[in-house]
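See below for data.txt, which holds compact mmCIF, C-alpha atoms and all ligand atoms.
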# COMPACT_ATOMS: atom_id res chain seq x y z
CA MET D 1 -27.65 -17.71 -29.64
CA GLY D 2 -31.18 -17.41 -30.83
CA LEU D 3 -32.70 -18.33 -27.47
CA SER D 4 -35.68 -16.29 -26.44
CA LEU D 5 -38.20 -16.17 -23.66
CA ALA D 6 -41.62 -14.61 -24.23
CA GLY D 7 -40.23 -13.07 -27.40
CA ILE D 8 -37.31 -11.43 -25.59
CA PRO D 9 -33.87 -12.58 -26.75
CA ILE D 10 -31.70 -14.10 -24.04
CA PRO D 11 -28.10 -12.94 -24.18
CA ASP D 12 -25.27 -15.44 -24.35
CA GLY D 13 -23.08 -14.12 -21.61
CA PRO D 14 -23.71 -15.09 -18.03
CA GLY D 15 -24.65 -12.20 -15.78
CA GLU D 16 -26.55 -10.45 -18.59
CA PRO D 17 -29.99 -9.66 -17.23
CA VAL D 18 -33.26 -10.02 -19.19
CA VAL D 19 -36.26 -8.06 -17.94
CA LEU D 20 -39.74 -9.48 -18.24
CA ALA D 21 -42.93 -7.59 -17.44
CA ALA D 22 -44.55 -9.14 -14.38
CA THR D 23 -47.94 -10.67 -14.97
CA GLY D 24 -49.00 -11.10 -11.32
CA VAL D 25 -49.49 -8.40 -8.74
CA ARG D 26 -46.73 -9.40 -6.37
CA PHE D 27 -43.79 -8.15 -8.40
CA ASP D 28 -43.39 -5.03 -10.48
CA GLN D 29 -40.93 -6.78 -12.70
CA VAL D 30 -39.13 -10.09 -13.02
CA THR D 31 -35.53 -10.28 -14.22
CA LEU D 32 -33.79 -13.44 -15.34
CA VAL D 33 -30.03 -13.65 -15.12
CA ALA D 34 -28.22 -16.22 -17.24
CA MET D 35 -25.76 -18.23 -15.15
CA GLY D 36 -23.85 -19.95 -17.94
CA SER D 37 -23.55 -23.71 -18.16
CA ARG D 38 -23.41 -25.74 -14.98
CA GLY D 39 -19.92 -27.06 -15.61
CA ASP D 40 -18.59 -23.48 -15.75
CA ARG D 41 -19.94 -22.32 -12.44
CA THR D 42 -16.73 -21.35 -10.79
CA ALA D 43 -16.68 -19.24 -7.64
CA GLU D 44 -15.59 -16.28 -9.74
CA ARG D 45 -18.49 -16.64 -12.18
CA ILE D 46 -20.98 -16.80 -9.32
CA ARG D 47 -19.30 -13.81 -7.66
CA ARG D 48 -19.61 -11.88 -10.93
CA VAL D 49 -23.28 -12.76 -11.26
CA GLY D 50 -23.83 -11.52 -7.68
CA GLY D 51 -22.07 -8.29 -8.62
CA SER D 52 -24.15 -7.84 -11.79
CA ILE D 53 -27.37 -8.30 -9.84
CA ALA D 54 -26.26 -5.74 -7.26
CA ARG D 55 -25.48 -3.21 -9.99
CA LEU D 56 -28.82 -3.88 -11.64
CA ILE D 57 -30.65 -3.30 -8.36
CA GLY D 58 -28.72 -0.05 -7.87
CA ALA D 59 -29.30 1.18 -11.42
CA ARG D 60 -33.06 0.61 -11.13
CA ARG D 61 -33.16 2.07 -7.60
CA LEU D 62 -35.21 -0.85 -6.36
CA ALA D 63 -36.52 -0.67 -2.80
CA ASP D 64 -37.03 -4.44 -2.54
CA ALA D 65 -35.63 -7.40 -4.39
CA VAL D 66 -36.16 -11.13 -4.07
CA ILE D 67 -33.42 -13.31 -5.50
CA ASP D 68 -34.26 -16.94 -6.12
CA MET D 69 -31.08 -19.00 -6.29
CA THR D 70 -32.62 -22.31 -5.23
CA ASP D 71 -31.99 -23.92 -8.57
CA VAL D 72 -28.51 -22.54 -8.97
CA VAL D 73 -26.62 -22.48 -5.73
CA ASP D 74 -26.45 -25.21 -3.14
CA ALA D 75 -25.51 -24.10 0.34
CA LEU D 76 -23.48 -27.26 0.80
CA ASP D 77 -20.68 -25.85 -1.33
CA ASP D 78 -19.03 -22.44 -1.15
CA ALA D 79 -21.33 -20.90 -3.73
CA VAL D 80 -23.48 -19.03 -1.21
CA PHE D 81 -20.30 -17.35 0.02
CA SER D 82 -19.24 -16.33 -3.49
CA PHE D 83 -22.70 -15.13 -4.46
CA CYS D 84 -23.20 -13.01 -1.34
CA GLU D 85 -19.68 -11.66 -1.66
CA GLY D 86 -20.41 -10.55 -5.24
CA LEU D 87 -23.72 -9.04 -4.22
CA GLU D 88 -22.18 -6.92 -1.48
CA LEU D 89 -19.04 -5.98 -3.44
CA GLY D 90 -21.21 -5.04 -6.42
CA SER D 91 -23.30 -2.75 -4.25
CA PHE D 92 -20.29 -0.59 -3.37
CA ARG D 93 -20.79 3.10 -3.98
CA PHE D 94 -18.72 6.12 -3.13
CA ASP D 95 -21.44 8.77 -3.15
CA GLY D 96 -20.93 10.53 0.16
CA TYR D 97 -19.88 13.72 -1.59
CA LYS D 98 -22.84 13.77 -3.97
CA SER D 99 -25.86 15.93 -3.40
CA GLN D 100 -28.76 14.03 -1.88
CA ALA D 101 -30.62 13.79 -5.19
CA ASP D 102 -27.93 11.62 -6.77
CA LYS D 103 -27.77 9.10 -3.96
CA ILE D 104 -29.05 5.62 -4.54
CA PRO D 105 -31.33 4.42 -1.72
CA ASN D 106 -30.67 1.20 0.17
CA THR D 107 -32.46 -1.92 -1.00
CA ARG D 108 -33.97 -4.72 1.06
CA VAL D 109 -32.84 -7.99 -0.50
CA VAL D 110 -34.25 -11.44 0.23
CA CYS D 111 -32.26 -14.35 -1.13
CA ALA D 112 -33.34 -17.99 -1.35
CA PHE D 113 -30.84 -20.87 -1.54
CA ALA D 114 -31.23 -24.62 -1.58
CA GLY D 115 -29.53 -26.67 1.11
CA GLY D 116 -28.97 -26.41 4.85
CA ALA D 117 -29.97 -23.11 6.40
CA GLY D 118 -27.21 -23.22 9.04
CA ASN D 119 -24.46 -23.61 6.51
CA ALA D 120 -25.94 -20.94 4.25
CA ALA D 121 -26.22 -18.52 7.17
CA LYS D 122 -22.58 -19.09 8.13
CA GLN D 123 -21.42 -18.51 4.56
CA MET D 124 -23.56 -15.37 4.29
CA ARG D 125 -22.12 -14.04 7.53
CA ASN D 126 -18.53 -14.66 6.48
CA ALA D 127 -19.13 -13.23 3.01
CA HIS D 128 -20.62 -10.12 4.59
CA THR D 129 -17.62 -9.73 6.91
CA VAL D 130 -15.08 -9.96 4.12
CA ALA D 131 -17.01 -7.97 1.51
CA ALA D 132 -17.93 -5.18 3.95
CA ALA D 133 -14.26 -4.92 4.99
CA THR D 134 -13.29 -4.75 1.30
CA ASN D 135 -15.85 -2.01 0.74
CA ASP D 136 -14.48 -0.11 3.76
CA ALA D 137 -11.00 -0.32 2.26
CA ARG D 138 -12.40 0.92 -1.06
CA THR D 139 -14.08 3.88 0.65
CA LEU D 140 -10.85 4.87 2.38
CA ALA D 141 -8.93 4.44 -0.87
CA HIS D 142 -11.39 6.75 -2.67
CA GLU D 143 -11.18 9.45 0.01
CA PRO D 144 -9.14 12.38 -1.26
CA ALA D 145 -5.92 13.51 0.42
CA ASN D 146 -7.56 16.63 1.85
CA VAL D 147 -9.69 14.27 3.94
CA ILE D 148 -7.45 11.26 4.57
CA ASN D 149 -3.89 12.06 5.61
CA PRO D 150 -1.62 10.14 8.01
CA VAL D 151 -3.22 11.81 11.04
CA THR D 152 -6.86 11.29 10.04
CA LEU D 153 -6.09 7.74 8.87
CA ALA D 154 -4.71 7.00 12.33
CA ALA D 155 -7.88 8.40 13.86
CA ARG D 156 -9.98 6.13 11.61
CA ALA D 157 -7.84 3.16 12.65
CA ARG D 158 -8.34 4.00 16.31
CA SER D 159 -12.11 4.15 16.04
CA LEU D 160 -12.17 0.94 13.98
CA ALA D 161 -10.04 -0.81 16.60
CA LYS D 162 -12.33 0.41 19.36
CA SER D 163 -15.49 -0.91 17.73
CA ALA D 164 -13.84 -4.19 16.64
CA GLY D 165 -12.15 -4.85 19.98
CA LEU D 166 -8.59 -4.69 18.64
CA LYS D 167 -5.59 -3.11 20.31
CA CYS D 168 -4.37 -0.02 18.46
CA THR D 169 -1.10 1.85 18.93
CA VAL D 170 -0.18 4.93 16.91
CA LEU D 171 3.40 6.18 16.79
CA ASP D 172 3.58 9.90 16.03
CA GLU D 173 6.46 11.80 14.41
CA ARG D 174 8.31 12.22 17.71
CA GLN D 175 8.19 8.50 18.47
CA ILE D 176 9.15 7.74 14.87
CA LEU D 177 12.26 9.92 15.33
CA LYS D 178 12.98 8.46 18.76
CA LEU D 179 12.95 4.94 17.26
CA LYS D 180 15.39 6.23 14.61
CA MET D 181 13.05 5.52 11.72
CA GLY D 182 15.05 7.86 9.54
CA ALA D 183 13.63 6.55 6.26
CA MET D 184 10.00 6.91 7.26
CA HIS D 185 10.67 10.32 8.76
CA ALA D 186 12.46 11.59 5.64
CA VAL D 187 9.49 10.72 3.42
CA GLY D 188 6.89 12.38 5.64
CA ARG D 189 8.68 15.41 6.94
CA ALA D 190 7.67 17.99 4.30
CA SER D 191 3.96 17.41 4.82
CA ALA D 192 1.78 19.60 7.03
CA THR D 193 0.42 16.32 8.41
CA PRO D 194 3.31 14.32 9.88
CA PRO D 195 3.79 10.57 9.40
CA ARG D 196 2.16 7.90 11.54
CA LEU D 197 2.97 4.26 12.15
CA ILE D 198 -0.35 2.61 12.96
CA VAL D 199 -0.33 -0.79 14.67
CA LEU D 200 -3.40 -2.99 15.16
CA GLU D 201 -3.23 -6.24 17.10
CA TYR D 202 -5.51 -9.27 17.13
CA GLY D 203 -4.75 -11.95 19.73
CA ALA D 204 -1.09 -10.89 19.90
CA ARG D 205 -0.76 -10.96 23.68
CA GLY D 206 -0.38 -14.75 23.96
CA SER D 207 2.79 -16.70 23.29
CA ALA D 208 1.98 -17.72 19.69
CA LYS D 209 3.96 -15.90 17.01
CA PRO D 210 1.81 -13.53 14.94
CA VAL D 211 1.46 -13.13 11.22
CA VAL D 212 2.43 -9.51 10.61
CA LEU D 213 0.83 -7.62 7.73
CA ILE D 214 2.42 -4.36 6.65
CA GLY D 215 0.68 -1.86 4.38
CA LYS D 216 2.05 1.16 2.55
CA ALA D 217 -0.22 4.17 3.06
CA ILE D 218 1.19 7.18 1.25
CA THR D 219 -1.94 9.31 1.48
CA PHE D 220 -0.70 11.38 -1.43
CA ASP D 221 2.43 10.89 -3.49
CA THR D 222 3.57 14.00 -5.35
CA GLY D 223 6.86 12.24 -6.03
CA GLY D 224 8.64 14.81 -3.86
CA TYR D 225 11.36 16.77 -5.65
CA SER D 226 11.45 13.94 -8.18
CA LEU D 227 8.08 15.45 -8.95
CA LYS D 228 5.50 13.58 -10.96
CA ASP D 229 4.14 15.33 -14.05
CA LYS D 230 0.60 16.63 -14.31
CA SER D 231 -0.81 13.43 -15.70
CA GLY D 232 1.21 11.09 -13.47
CA ILE D 233 0.18 12.87 -10.29
CA VAL D 234 -3.56 12.38 -10.77
CA GLY D 235 -4.76 9.35 -8.87
CA MET D 236 -1.92 9.47 -6.35
CA LYS D 237 -4.45 9.43 -3.51
CA TYR D 238 -4.51 5.71 -4.35
CA ASP D 239 -0.96 5.32 -3.10
CA LYS D 240 -2.48 4.33 0.23
CA CYS D 241 -4.21 1.21 -1.11
CA GLY D 242 -1.92 -1.28 0.64
CA GLY D 243 -2.39 0.41 3.99
CA VAL D 244 -6.17 0.68 3.76
CA ALA D 245 -6.31 -2.99 2.74
CA VAL D 246 -4.50 -3.88 5.97
CA LEU D 247 -7.04 -1.80 7.88
CA GLY D 248 -9.89 -3.68 6.19
CA ILE D 249 -8.24 -7.03 6.88
CA MET D 250 -7.87 -6.24 10.58
CA LYS D 251 -11.54 -5.31 10.79
CA ALA D 252 -12.50 -8.61 9.18
CA VAL D 253 -10.02 -10.56 11.30
CA ALA D 254 -11.76 -9.33 14.47
CA ALA D 255 -14.95 -11.05 13.26
CA LEU D 256 -13.48 -14.08 11.45
CA LYS D 257 -11.25 -14.93 14.42
CA PRO D 258 -8.48 -16.90 12.69
CA LYS D 259 -6.48 -19.32 14.86
CA VAL D 260 -3.25 -17.34 14.62
CA PRO D 261 -2.52 -13.91 16.12
CA VAL D 262 -2.39 -11.15 13.52
CA VAL D 263 -0.67 -7.77 13.67
CA GLY D 264 -1.43 -5.09 11.09
CA ILE D 265 1.09 -2.29 10.64
CA ILE D 266 0.27 0.70 8.45
CA ALA D 267 3.16 2.96 7.48
CA SER D 268 1.54 6.26 6.60
CA ALA D 269 3.10 9.44 5.29
CA GLU D 270 2.39 12.11 2.72
CA ASN D 271 5.16 12.65 0.17
CA MET D 272 5.26 16.40 -0.41
CA ILE D 273 7.72 19.14 -1.32
CA GLY D 274 8.81 22.05 0.89
CA GLY D 275 11.82 23.68 2.51
CA ASN D 276 12.41 20.74 4.81
CA ALA D 277 11.73 18.00 2.26
CA TYR D 278 14.28 15.25 1.64
CA ARG D 279 16.25 15.56 -1.61
CA PRO D 280 17.94 13.37 -4.19
CA ASN D 281 21.50 12.53 -3.00
CA ASP D 282 20.54 12.84 0.67
CA ILE D 283 21.97 9.94 2.67
CA ILE D 284 19.60 8.75 5.36
CA THR D 285 19.91 6.13 8.09
CA SER D 286 17.05 3.66 8.45
CA MET D 287 15.89 2.13 11.75
CA SER D 288 17.93 -0.96 10.91
CA GLY D 289 21.12 1.13 10.83
CA LYS D 290 21.54 0.57 7.10
CA THR D 291 22.19 3.73 5.11
CA ILE D 292 20.39 4.75 1.93
CA GLU D 293 21.28 7.32 -0.70
CA ILE D 294 18.14 8.86 -2.15
CA ILE D 295 18.24 8.77 -5.95
CA SER D 296 14.53 9.37 -6.43
CA THR D 297 12.26 10.92 -3.82
CA ASP D 298 9.47 9.20 -5.77
CA ALA D 299 10.76 5.78 -4.61
CA GLU D 300 9.35 6.57 -1.18
CA GLY D 301 7.19 3.49 -0.56
CA ARG D 302 10.19 1.22 -0.03
CA LEU D 303 11.58 3.71 2.50
CA VAL D 304 8.54 3.71 4.76
CA LEU D 305 8.24 -0.07 4.36
CA ALA D 306 11.92 -0.60 5.27
CA ASP D 307 11.39 0.97 8.68
CA ALA D 308 8.02 -0.76 9.15
CA LEU D 309 9.65 -4.15 8.39
CA THR D 310 12.42 -3.42 10.90
CA TYR D 311 9.88 -2.34 13.51
CA ALA D 312 7.86 -5.52 12.94
CA GLN D 313 10.89 -7.74 13.55
CA LYS D 314 12.12 -5.81 16.60
CA ARG D 315 8.73 -5.59 18.25
CA TYR D 316 7.29 -9.02 17.36
CA LYS D 317 8.61 -12.45 16.49
CA PRO D 318 6.67 -12.85 13.24
CA ARG D 319 5.85 -16.39 12.06
CA ALA D 320 5.44 -14.69 8.68
CA MET D 321 5.47 -11.15 7.32
CA ILE D 322 3.49 -9.98 4.31
CA ASP D 323 3.77 -6.46 3.01
CA ILE D 324 1.30 -5.04 0.53
CA ALA D 325 2.06 -1.88 -1.39
CA THR D 326 1.43 0.14 -4.55
CA LEU D 327 5.17 0.05 -5.09
CA THR D 328 6.34 0.16 -8.69
CA GLY D 329 5.32 1.13 -12.19
CA GLY D 330 7.40 -1.88 -13.21
CA VAL D 331 4.78 -4.32 -11.97
CA VAL D 332 2.11 -2.44 -13.94
CA VAL D 333 4.12 -3.00 -17.11
CA ALA D 334 4.84 -6.65 -16.29
CA LEU D 335 1.43 -7.93 -15.19
CA GLY D 336 -1.16 -5.28 -16.03
CA LYS D 337 -4.40 -5.44 -14.06
CA VAL D 338 -4.52 -9.23 -14.20
CA TYR D 339 -2.14 -10.19 -11.41
CA ALA D 340 -0.40 -8.58 -8.48
CA GLY D 341 3.33 -9.28 -8.27
CA ALA D 342 4.39 -11.60 -5.46
CA PHE D 343 7.99 -11.73 -4.25
CA CYS D 344 8.56 -14.37 -1.62
CA ASN D 345 11.51 -15.91 0.23
CA ASP D 346 9.62 -19.04 1.34
CA ASP D 347 7.98 -21.75 -0.81
CA THR D 348 5.22 -22.68 1.65
CA LEU D 349 4.14 -19.08 2.12
CA ARG D 350 4.25 -18.47 -1.63
CA ASP D 351 2.12 -21.54 -2.38
CA ARG D 352 -0.45 -20.62 0.24
CA LEU D 353 -0.75 -17.06 -1.03
CA ILE D 354 -1.06 -18.13 -4.64
CA ARG D 355 -3.81 -20.61 -3.73
CA SER D 356 -5.68 -17.91 -1.79
CA GLY D 357 -5.30 -15.70 -4.85
CA GLU D 358 -6.96 -18.32 -7.03
CA ARG D 359 -9.83 -18.88 -4.60
CA THR D 360 -10.56 -15.16 -4.24
CA HIS D 361 -9.63 -14.18 -7.80
CA GLU D 362 -7.19 -11.66 -6.32
CA ARG D 363 -4.47 -13.43 -8.21
CA LEU D 364 -0.72 -13.34 -7.66
CA TRP D 365 2.13 -14.04 -10.03
CA SER D 366 5.47 -14.93 -8.55
CA LEU D 367 8.35 -12.65 -9.64
CA PRO D 368 12.08 -12.95 -8.84
CA MET D 369 14.16 -11.01 -6.33
CA HIS D 370 17.53 -12.73 -6.56
CA ASP D 371 20.57 -10.98 -5.12
CA GLU D 372 21.80 -10.03 -8.61
CA PHE D 373 19.13 -7.35 -8.64
CA PHE D 374 20.83 -5.73 -5.66
CA GLU D 375 23.83 -4.88 -7.83
CA LEU D 376 21.62 -2.28 -9.53
CA ILE D 377 21.20 -0.37 -6.25
CA ARG D 378 24.43 -1.17 -4.40
CA GLY D 379 25.59 2.09 -2.82
CA ASP D 380 28.63 4.08 -3.91
CA ASP D 381 29.03 6.20 -0.78
CA CYS D 382 26.72 4.27 1.55
CA ASP D 383 24.97 0.86 1.79
CA MET D 384 22.40 1.20 -0.96
CA LYS D 385 20.51 3.53 -3.24
CA ASN D 386 16.73 3.70 -3.17
CA SER D 387 16.32 3.55 -6.93
CA ALA D 388 18.04 2.70 -10.19
CA THR D 389 17.02 2.71 -13.84
CA ARG D 390 13.81 1.10 -15.15
CA GLU D 391 15.70 -2.18 -15.53
CA GLY D 392 14.02 -4.91 -13.43
CA HIS D 393 12.14 -2.16 -11.68
CA ALA D 394 9.64 -4.25 -9.67
CA SER D 395 12.35 -6.77 -8.67
CA VAL D 396 14.67 -3.95 -7.60
CA GLY D 397 11.93 -2.64 -5.30
CA ALA D 398 11.61 -6.12 -3.79
CA VAL D 399 15.35 -6.68 -3.40
CA PHE D 400 15.60 -3.31 -1.66
CA LEU D 401 13.01 -4.45 0.91
CA LYS D 402 14.80 -7.79 1.22
CA GLN D 403 17.77 -5.95 2.78
CA PHE D 404 15.56 -5.23 5.78
CA VAL D 405 14.22 -8.76 6.29
CA ASP D 406 15.80 -11.54 8.37
CA PRO D 407 16.06 -14.39 5.81
CA LYS D 408 14.87 -16.86 8.46
CA ILE D 409 11.45 -15.20 8.56
CA PRO D 410 9.04 -16.25 5.80
CA TRP D 411 8.20 -13.01 4.01
CA ALA D 412 6.19 -11.97 1.00
CA HIS D 413 6.08 -8.62 -0.73
CA LEU D 414 2.91 -8.01 -2.76
CA ASP D 415 3.20 -5.22 -5.32
CA ILE D 416 -0.35 -4.01 -6.05
CA ALA D 417 0.57 -0.88 -8.02
CA ALA D 418 -1.67 -1.98 -10.91
CA VAL D 419 -4.51 -3.83 -9.20
CA GLY D 420 -4.99 -1.45 -6.24
CA SER D 421 -7.18 0.81 -8.36
CA ILE D 422 -8.88 0.43 -11.73
CA ASP D 423 -10.22 2.69 -14.49
CA LYS D 424 -12.69 0.23 -15.98
CA PRO D 425 -15.35 -1.25 -13.72
CA THR D 426 -15.82 -5.02 -13.38
CA PRO D 427 -19.12 -6.70 -12.38
CA TYR D 428 -18.29 -6.37 -8.69
CA CYS D 429 -15.90 -3.46 -8.59
CA PRO D 430 -16.60 0.06 -9.80
CA LYS D 431 -13.68 2.19 -10.94
CA GLY D 432 -11.31 3.51 -8.28
CA GLY D 433 -9.90 1.68 -5.29
CA THR D 434 -10.49 -2.06 -5.45
CA GLY D 435 -9.73 -3.11 -1.89
CA PHE D 436 -7.36 -5.68 -3.41
CA GLY D 437 -5.73 -7.78 -0.72
CA VAL D 438 -8.56 -7.84 1.80
CA ARG D 439 -10.24 -10.96 0.41
CA LEU D 440 -6.90 -12.52 -0.52
CA LEU D 441 -5.34 -12.19 2.92
CA CYS D 442 -8.52 -12.98 4.85
CA ASP D 443 -8.61 -16.23 2.88
CA TYR D 444 -4.94 -16.87 3.67
CA LEU D 445 -5.38 -16.18 7.38
CA THR D 446 -8.48 -18.35 7.74
CA HIS D 447 -6.78 -21.29 5.98
CA LEU D 448 -3.75 -21.38 8.32
MN MN H 1 6.35 7.41 -5.42
ZN ZN H 2 4.40 5.80 -3.95
Show how you would write the structure in this file as structure tokens.
Ligand code: MN
Ligand code: ZN
Amino acid sequence: MGLSLAGIPIPDGPGEPVVLAATGVRFDQVTLVAMGSRGDRTAERIRRVGGSIARLIGARRLADAVIDMTDVVDALDDAVFSFCEGLELGSFRFDGYKSQADKIPNTRVVCAFAGGAGNAAKQMRNAHTVAAATNDARTLAHEPANVINPVTLAARARSLAKSAGLKCTVLDERQILKLKMGAMHAVGRASATPPRLIVLEYGARGSAKPVVLIGKAITFDTGGYSLKDKSGIVGMKYDKCGGVAVLGIMKAVAALKPKVPVVGIIASAENMIGGNAYRPNDIITSMSGKTIEIISTDAEGRLVLADALTYAQKRYKPRAMIDIATLTGGVVVALGKVYAGAFCNDDTLRDRLIRSGERTHERLWSLPMHDEFFELIRGDDCDMKNSATREGHASVGAVFLKQFVDPKIPWAHLDIAAVGSIDKPTPYCPKGGTGFGVRLLCDYLTHL
């Protein structure tokens, strides 16, 4: 308060830029960014400052920028990583559909850090890998459903796998039926673009057990015959956020080369209405053989995930399975945009994920999925129902999935229904798809 520089007041909050007129000839303008007190310089604060600077550069349409961080960030700690991550995340734009005039040009940025150049370069490289993969996931999340559907998403995955050197297998609707994935098939069958199970493999040919990541990619969720209303349906292109996060993670994994094999499975379908759509009260048989009575066709995410979880366990011997999905409105009510809900059957896995969440600020809050919740969806005429009342909604979604998981396999279900997309921008994330999960799970995989 009351601080000023050359007569210009300096704002209190870190990340608030102050513009000074340049006196020399080498710069058009010099901007100071307050970093906050030294004791407060957490990774998240530095990431936010990086994001603010990126947004500032974009807003001013600068062609060149020099960022002097020599007094602030020492390459010997992780701060270079956080700063570069913020800078790249903050530069995200989804302007491909705008006329040329509205597009913001690219900027050449030079950044100076104190400390060892080798270490700084390594951190910059890793930050770029993870942030670029997050931005790719954001782009895919933003793409509307008339562009990204299960078939075009599979094509994107194939080309990504080719350039990253990953193995990619895509199961089409015939193979999905042949494997008796009745749940996945039911959800996708009314769409003009049939469902796809997309599988990406990193290092999975050896004998080591892989970590299997499973993402829900409903490219548009109308709710089916349990139709959403006109306000609830807007934004349902973001029902693919879990799946596109897995795609981003696999791209990053190819460059980060974690020690463990990783398999990414994306269960993609479009939940539509039509003469051949599935209905409430239909009884369907999942790949596991378990039968499900459909109560709500809008509880479709758990259906595609059930078959993807079964496929993962039949095809691989997972050392751990983590699914990530925009699953329930219940988690939005419980945790808002602050945390994603984490449901986990294994203490070690839970602890690791929560720690990764703190490091990346993609935070997780552990929620329960005890067997009592299953009583809410125990079947009358068959094994289970896919939905119940609003009571314990997020936990019911998790306990449903639990029916398809071998309890000996460490498994986590991450419900990102709230954090997968946002309405209010943050310093390093504009509104829309956040790419939540990419940084979190890259951190988890590289700390194994
Ligand atoms: Mn739904
Ligand atoms: Zn959904």
Show me, as a PDB file with C-alpha atoms, keeping the file's coordinate frame, the residues that have an atom within 12 Å of Val72 (chain D) when counting all atoms listed in the file, minus same-chain residues fewer than 6 positions from it.
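Output (around_26.pdb):
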ATOM      1  CA  VAL D  33     -30.030 -13.650 -15.120  1.00  0.00           C
ATOM      2  CA  ALA D  34     -28.220 -16.220 -17.240  1.00  0.00           C
ATOM      3  CA  MET D  35     -25.760 -18.230 -15.150  1.00  0.00           C
ATOM      4  CA  GLY D  36     -23.850 -19.950 -17.940  1.00  0.00           C
ATOM      5  CA  SER D  37     -23.550 -23.710 -18.160  1.00  0.00           C
ATOM      6  CA  ARG D  38     -23.410 -25.740 -14.980  1.00  0.00           C
ATOM      7  CA  GLY D  39     -19.920 -27.060 -15.610  1.00  0.00           C
ATOM      8  CA  ARG D  41     -19.940 -22.320 -12.440  1.00  0.00           C
ATOM      9  CA  THR D  42     -16.730 -21.350 -10.790  1.00  0.00           C
ATOM     10  CA  ILE D  46     -20.980 -16.800  -9.320  1.00  0.00           C
ATOM     11  CA  VAL D  49     -23.280 -12.760 -11.260  1.00  0.00           C
ATOM     12  CA  ALA D  79     -21.330 -20.900  -3.730  1.00  0.00           C
ATOM     13  CA  VAL D  80     -23.480 -19.030  -1.210  1.00  0.00           C
ATOM     14  CA  PHE D  83     -22.700 -15.130  -4.460  1.00  0.00           C
ATOM     15  CA  CYS D 111     -32.260 -14.350  -1.130  1.00  0.00           C
ATOM     16  CA  ALA D 112     -33.340 -17.990  -1.350  1.00  0.00           C
ATOM     17  CA  PHE D 113     -30.840 -20.870  -1.540  1.00  0.00           C
ATOM     18  CA  ALA D 114     -31.230 -24.620  -1.580  1.00  0.00           C
ATOM     19  CA  GLY D 115     -29.530 -26.670   1.110  1.00  0.00           C
TER      20      GLY D 115
END
Please extract the residues at most 9 Å from ligand ZN 2 (chain H), counting only C-alpha atoms and all ligand atoms, and provide them as a list of chain:residue names, using the chain letters and residue numbers of this document.
->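 Sorted by chain and then by number, the residues are D:Lys216, D:Ala217, D:Ile218, D:Phe220, D:Asp221, D:Thr222, D:Gly223, D:Met236, D:Tyr238, D:Asp239, D:Lys240, D:Asn271, D:Asp298, D:Ala299, D:Glu300, D:Gly301, D:Arg302, D:Ala325, D:Thr326, D:Leu327, D:Thr328, D:Ala417.
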Residue with smallest distance to Arg355 (chain D) - pool D:Leu440, D:Val338, D:Val199, D:Ile409, counting all atoms listed in the file =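 Among the listed residues, D:Leu440 lies closest to Arg355 (chain D).
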Give as a list in words every residue, naming chains and numbers as the document does, that has an atom within 9 Å of (11.2, 9.3, 11.9), counting only C-alpha atoms.
-> Asp172, Glu173, Arg174, Gln175, Ile176, Leu177, Lys178, Leu179, Lys180, Met181, Gly182, Ala183, Met184, His185, Ala186, Val187, Gly188, Arg189, Pro195, Ser286, Met287 and Asp307 of chain D
Given only C-alpha atoms as the counted atoms, nearest of D:Leu376, D:Leu367, D:Leu256, D:Gly435 to His447 (chain D) =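 Result for the nearest residue to His447 (chain D): D:Leu256.
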Between CA of Asp443 (chain D) and CA of Ala340 (chain D), what is the distance, to one decimal in Å?
->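 If I compute the distance from CA of Asp443 (chain D) to CA of Ala340 (chain D), I get 16.0 Å.
With CA of Gly248 (chain D) on one side and CA of Arg363 (chain D) on the other, the separation reads 18.2 Å.
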Using all atoms listed in the file, which of D:Leu32, D:Leu227, D:Ile265, D:Val147 sits nearest Val212 (chain D)?
-> D:Ile265
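Between Gly432 (chain D) and the candidates D:Ala157, D:Asp68, D:Gly420, D:Ala101, the tightest atom-to-atom separation, counting all atoms listed in the file, involves D:Gly420.
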Residue contacts of Ala127 (chain D) (10 Å, all atoms listed in the file) excluding same-chain residues fewer than 6 positions away, as a list in words |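 The residues that qualify are Val80, Phe81, Ser82, Phe83, Cys84, Glu85, Gly86, Leu87, Glu88, Leu89, Ala121, Ala133 and Arg439 of chain D.
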With C-alpha atoms retained, write the just-selected residues as a PDB file, in the frame of the given file.
ATOM      1  CA  VAL D  80     -23.480 -19.030  -1.210  1.00  0.00           C
ATOM      2  CA  PHE D  81     -20.300 -17.350   0.020  1.00  0.00           C
ATOM      3  CA  SER D  82     -19.240 -16.330  -3.490  1.00  0.00           C
ATOM      4  CA  PHE D  83     -22.700 -15.130  -4.460  1.00  0.00           C
ATOM      5  CA  CYS D  84     -23.200 -13.010  -1.340  1.00  0.00           C
ATOM      6  CA  GLU D  85     -19.680 -11.660  -1.660  1.00  0.00           C
ATOM      7  CA  GLY D  86     -20.410 -10.550  -5.240  1.00  0.00           C
ATOM      8  CA  LEU D  87     -23.720  -9.040  -4.220  1.00  0.00           C
ATOM      9  CA  GLU D  88     -22.180  -6.920  -1.480  1.00  0.00           C
ATOM     10  CA  LEU D  89     -19.040  -5.980  -3.440  1.00  0.00           C
ATOM     11  CA  ALA D 121     -26.220 -18.520   7.170  1.00  0.00           C
ATOM     12  CA  ALA D 133     -14.260  -4.920   4.990  1.00  0.00           C
ATOM     13  CA  ARG D 439     -10.240 -10.960   0.410  1.00  0.00           C
TER      14      ARG D 439
END
